[in-house]
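Engineer: Have a look at the structure that comes next, please.
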Amino acid sequence: MEPLAQIEHLTFHYPHTTRGITDVSLTIHAGDFIAVAGLTGCGKTTLLRHLKPEIMPSGERTGSVLLWGLPPDQLDDSTDISYVPQRPREALVADNLRDELSIRLASQSQQSQDHQHSIPQPNPGSSLQASDIVGFLGLAHLLDTPLANLSEGQAQLVALAAALSTRPRLLLLDEPTASLDSVTRRSTLDLLRRLNADMGMTIVMTEHHLQGLLEIATRLVALDAGHIVADDRPREALRTLWKSDQPRSGLLRSLIPDIPHYFLMTAPQQLSQQHDVDHSDHTSRRPRLPLTVAEGRRVLRERRRTEKKFPKTNTPQDRHKTVPSATVSHRWKPSLGETALRVRGVTFGYPGLYTSAVSDLNLTARYGEILAITGQSGSGKSTLLNLLFGTVAPQFGTISWFEPHTHEAAPSAAQSQSTTTSHHCRFVQRLKRLGHRRSPSVARSDIAYLPQDARPILNLTAGLHPEKLTTSTDPLDQSIGQQQIEAIHLTLQQKKSVILLDEPTQGLDAQEIAHVGALLRAQAQRGHLIILTTHDPSFYAEYATRCVVLMAGQIVTQGNPRAIVSSLEYSTTPLHRLLARDYPCILTLHDIPQNTVPERSHHGAHQ
């Protein structure tokens, strides 16, 4: 069977830069579900855009690209290929999902009639097709919601519905789950699995975080610096990344999801060199590299039967004893300052909606905190940040900002001779400064705010300092992840006392996420208040000092991030779901003491 798409020895570079892809060869067959992974800026989006003729990037190109055996320039405006960008709003033209589907279905019907040289006729089936798509995706509740009022996660699902309206044979998705909470992400991945398995749709999807994706993908393609370093079935590709002897092998290992990463760490001789076995072969004792919690638990049960040193009791007291002491020894405990923010009874609702985006919300924050706001898509996280920054005003309630306390230096000998009146004036001024409450509109000069779309920050900086804009930092020549990192650095350089960040880690690989976490921790240690929204429990468990969970615009709970993540069942980290029975304090790979790895590897090798 002729491949659906074939790329041979493709080398591409953007103008005036070296960024791009080098000598890439890739064959896509009908029915494939290909996950494309790689570090930030490795060329994933560039590769994806070469499969859609209308958005193929401009630059220096060698090699060949064939789609259904034809060059791309012969397939312009083809409805057989749909593309959903990482910023989904860029793919939408109407004000709501209903109008978006009507426009696309009408356009598709017109093209079909033009192709048949027939007289245009109204298409009574358009409404039925729209109903079919909306019902399949479960988006009936968003049908008439203005796109401006949708969260980024909801906008991603709406863009997916619009892409499916053309009934494509090839679906291209660029980081479709980057803005989704963990529960919505799993439901979206299940939806993509159904599209691939039940509808036979070919899917090529770029993704940084592979947990939950590899068990439904048929292939994993890993890129590094524009080169393909792995292209195989997911388990074999992960082993290739683990055993890579390239200079960047440590970085490539960061692409491996936590569950297979954990088993490759603790039993490398046993799992890194074995090939997959048939699912139906229940007599084989060769272990498969676990990708899911269920597969991982089966391996752990086998370990308990063969390893005497592995904990075998399940009482709460015994579970507490099995927690390695090193899991909490490195935790950062900041010294918090005085009150910075007090929110009292704040309510805000968007026009045209029956429910409030934020309802009767009460919150306080202190300088020196990293306050993480989490919750499902559409729970009001971004709205809360806009309220704090003053982009929108609360309809009820108050938001009060307090200036940070500044310690004055001791007076010099000359200053000590000041009059009593001068001392009194300075004392009164200090009292006013410490007790003065300001509205968000006044306090905006002391607040740095980075929205989910980082381009306004980059464009503003480029306009203010054009002499600092070089080809290496030009936003037009950067990936979305690189733009995000650049915008975070620019935001922190403002040296504001309060820093608001909306999903700062979206589109970033594990190494860049750790870099961002270290930057935020350093800022908090200097006394800044950092308030951020995130869907990533691993990130806020590792770096936040306090967590607030929102649901339908109201605070469900708040407190210690690790305690909150440990108490969750569905929105927790994959590693906690796997190891909660024996190691309830292990939430991320950073919690695994290195001195326990050789022992587990030694015993695992003799199974």
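Quick note on naming: the chains in the structure tokens go A, B, ... in the order shown, residues restart at 1 in each chain, and ligands are numbered from 1 in order of appearance.
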Show which residues sit within 12 Å of A:Arg61, as a PyMOL selection string. Count only C-alpha atoms, and ignore same-chain residues fewer than 2 positions away.

Structural biologist: chain A and resi 8-15+20-24+46-47+50+56-59+63-65

Engineer: Per residue of stretch 345-388 of chain A within 6 Å of stretch 525-537 of chain A, what are the shortest atom pair and its distance in Å to one decimal, counting only C-alpha atoms, with rows by chain and residue number, as a tab-separated table?

Structural biologist:
residue	atom	partner	partner_atom	distance
A:Tyr367	CA	A:Leu529	CA	4.5
A:Gly368	CA	A:Gly527	CA	4.3
A:Glu369	CA	A:Leu529	CA	5.2
A:Ile370	CA	A:Ile530	CA	4.8
A:Leu371	CA	A:Ile531	CA	4.7
A:Ala372	CA	A:Leu532	CA	5.1
A:Ile373	CA	A:Thr533	CA	4.6
A:Thr374	CA	A:Thr534	CA	5.4

Engineer: Find the residue from A:Ala518, A:Leu97, A:Ala163, A:Ala454 that sits nearest to A:Leu490; use only C-alpha atoms when measuring.

Structural biologist: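 With only C-alpha atoms as the atom set, the closest residue is A:Ala454.
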
Engineer: Write out as a PyMOL selection string each polymer residue whose atoms come within 9 Å of A:Leu578, counting only C-alpha atoms; drop sequence neighbours fewer than 6 positions from it.

Structural biologist: chain A and resi 259+292-294+296-297

Engineer: Residues at most 12 Å from A:Ala197, counting only C-alpha atoms, excluding those fewer than 6 positions away in the same chain, as number ranges by chain?

Structural biologist: A: 30-33, 190-191, 203, 216-218

Engineer: Please save C-alpha atoms of the selected residues as a compact mmCIF listing (two decimals), in the first residue's frame.

Structural biologist:
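So again-v6.txt came out as:
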# COMPACT_ATOMS: atom_id res chain seq x y z
CA ALA A 30 -2.83 5.08 6.81
CA GLY A 31 -4.04 4.33 10.33
CA ASP A 32 -0.83 5.39 12.06
CA PHE A 33 -0.94 7.27 15.35
CA ASP A 190 -9.19 8.80 24.81
CA LEU A 191 -11.08 10.79 22.19
CA ILE A 203 -2.96 11.18 13.49
CA ILE A 216 -2.43 4.62 22.40
CA ALA A 217 0.23 5.71 19.88
CA THR A 218 1.50 3.19 17.36

Engineer: Tell me which of A:Leu92, A:Ala130, A:Leu252, A:Val229 sits closest to A:Arg167, counting only C-alpha atoms.

Structural biologist: A:Ala130

Engineer: For A:Ala222, list every protein, DNA or RNA residue within 12 Å, evaluated using only C-alpha atoms, and leave out those in the same chain fewer than 4 positions away; present the list as a PyMOL selection string.

Structural biologist: chain A and resi 24+26+34-40+42-44+47+205-208+210+226-234+236-242+244+252-256

Engineer: Quote the spacing between atom CA of A:Asp181 and atom CA of A:Thr166 in Å to one decimal place.

Structural biologist: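 Atom CA of A:Thr166 lies 27.3 Å from atom CA of A:Asp181.
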
Engineer: With a distance cut-off of 8 Å and only C-alpha atoms, select the neighbouring residues of A:Thr45, excluding the residue or stretch itself and same-chain residues fewer than 4 positions from it, and output the selection as a JSON list (two decimals) with N, CA, C and O atoms, in the first residue's frame.

Structural biologist:
[["chain", "number", "residue", "atom", "x", "y", "z"],
["A", 49, "ARG", "N", 4.45, 21.10, 10.18],
["A", 49, "ARG", "CA", 3.95, 22.05, 9.19],
["A", 49, "ARG", "C", 4.34, 21.65, 7.77],
["A", 49, "ARG", "O", 3.72, 22.13, 6.80],
["A", 174, "ASP", "N", -0.70, 19.98, 17.12],
["A", 174, "ASP", "CA", 0.51, 20.56, 17.71],
["A", 174, "ASP", "C", 0.25, 20.85, 19.19],
["A", 174, "ASP", "O", -0.43, 21.81, 19.54],
["A", 206, "THR", "N", 2.37, 16.25, 18.01],
["A", 206, "THR", "CA", 3.56, 16.62, 18.77],
["A", 206, "THR", "C", 3.18, 16.77, 20.23],
["A", 206, "THR", "O", 2.07, 17.19, 20.57],
["A", 479, "SER", "N", 10.45, 28.78, 18.50],
["A", 479, "SER", "CA", 9.29, 27.93, 18.77],
["A", 479, "SER", "C", 8.47, 28.56, 19.88],
["A", 479, "SER", "O", 8.90, 29.50, 20.56]]

Engineer: Looking at A:Glu152, A:Leu589, A:Gly352, A:Pro451, which one is nearest to A:Leu264, with distances taken over only C-alpha atoms?

Structural biologist: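 Of the candidates, the smallest distance to A:Leu264 is held by A:Leu589.
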
Engineer: Please determine, counting only C-alpha atoms, which residue among A:Pro85, A:Ile592, A:Ser382, A:His141 has the shortest atom-to-atom distance to A:Thr266.

Structural biologist: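 Selected residue with least distance to A:Thr266: A:Ile592.
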
Engineer: Can you tell me how far atom CA of A:Ala148 sits from atom CA of A:Ile447, in Å to one decimal?

Structural biologist: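 Value for the atom CA of A:Ala148-atom CA of A:Ile447 distance: 24.1 Å.
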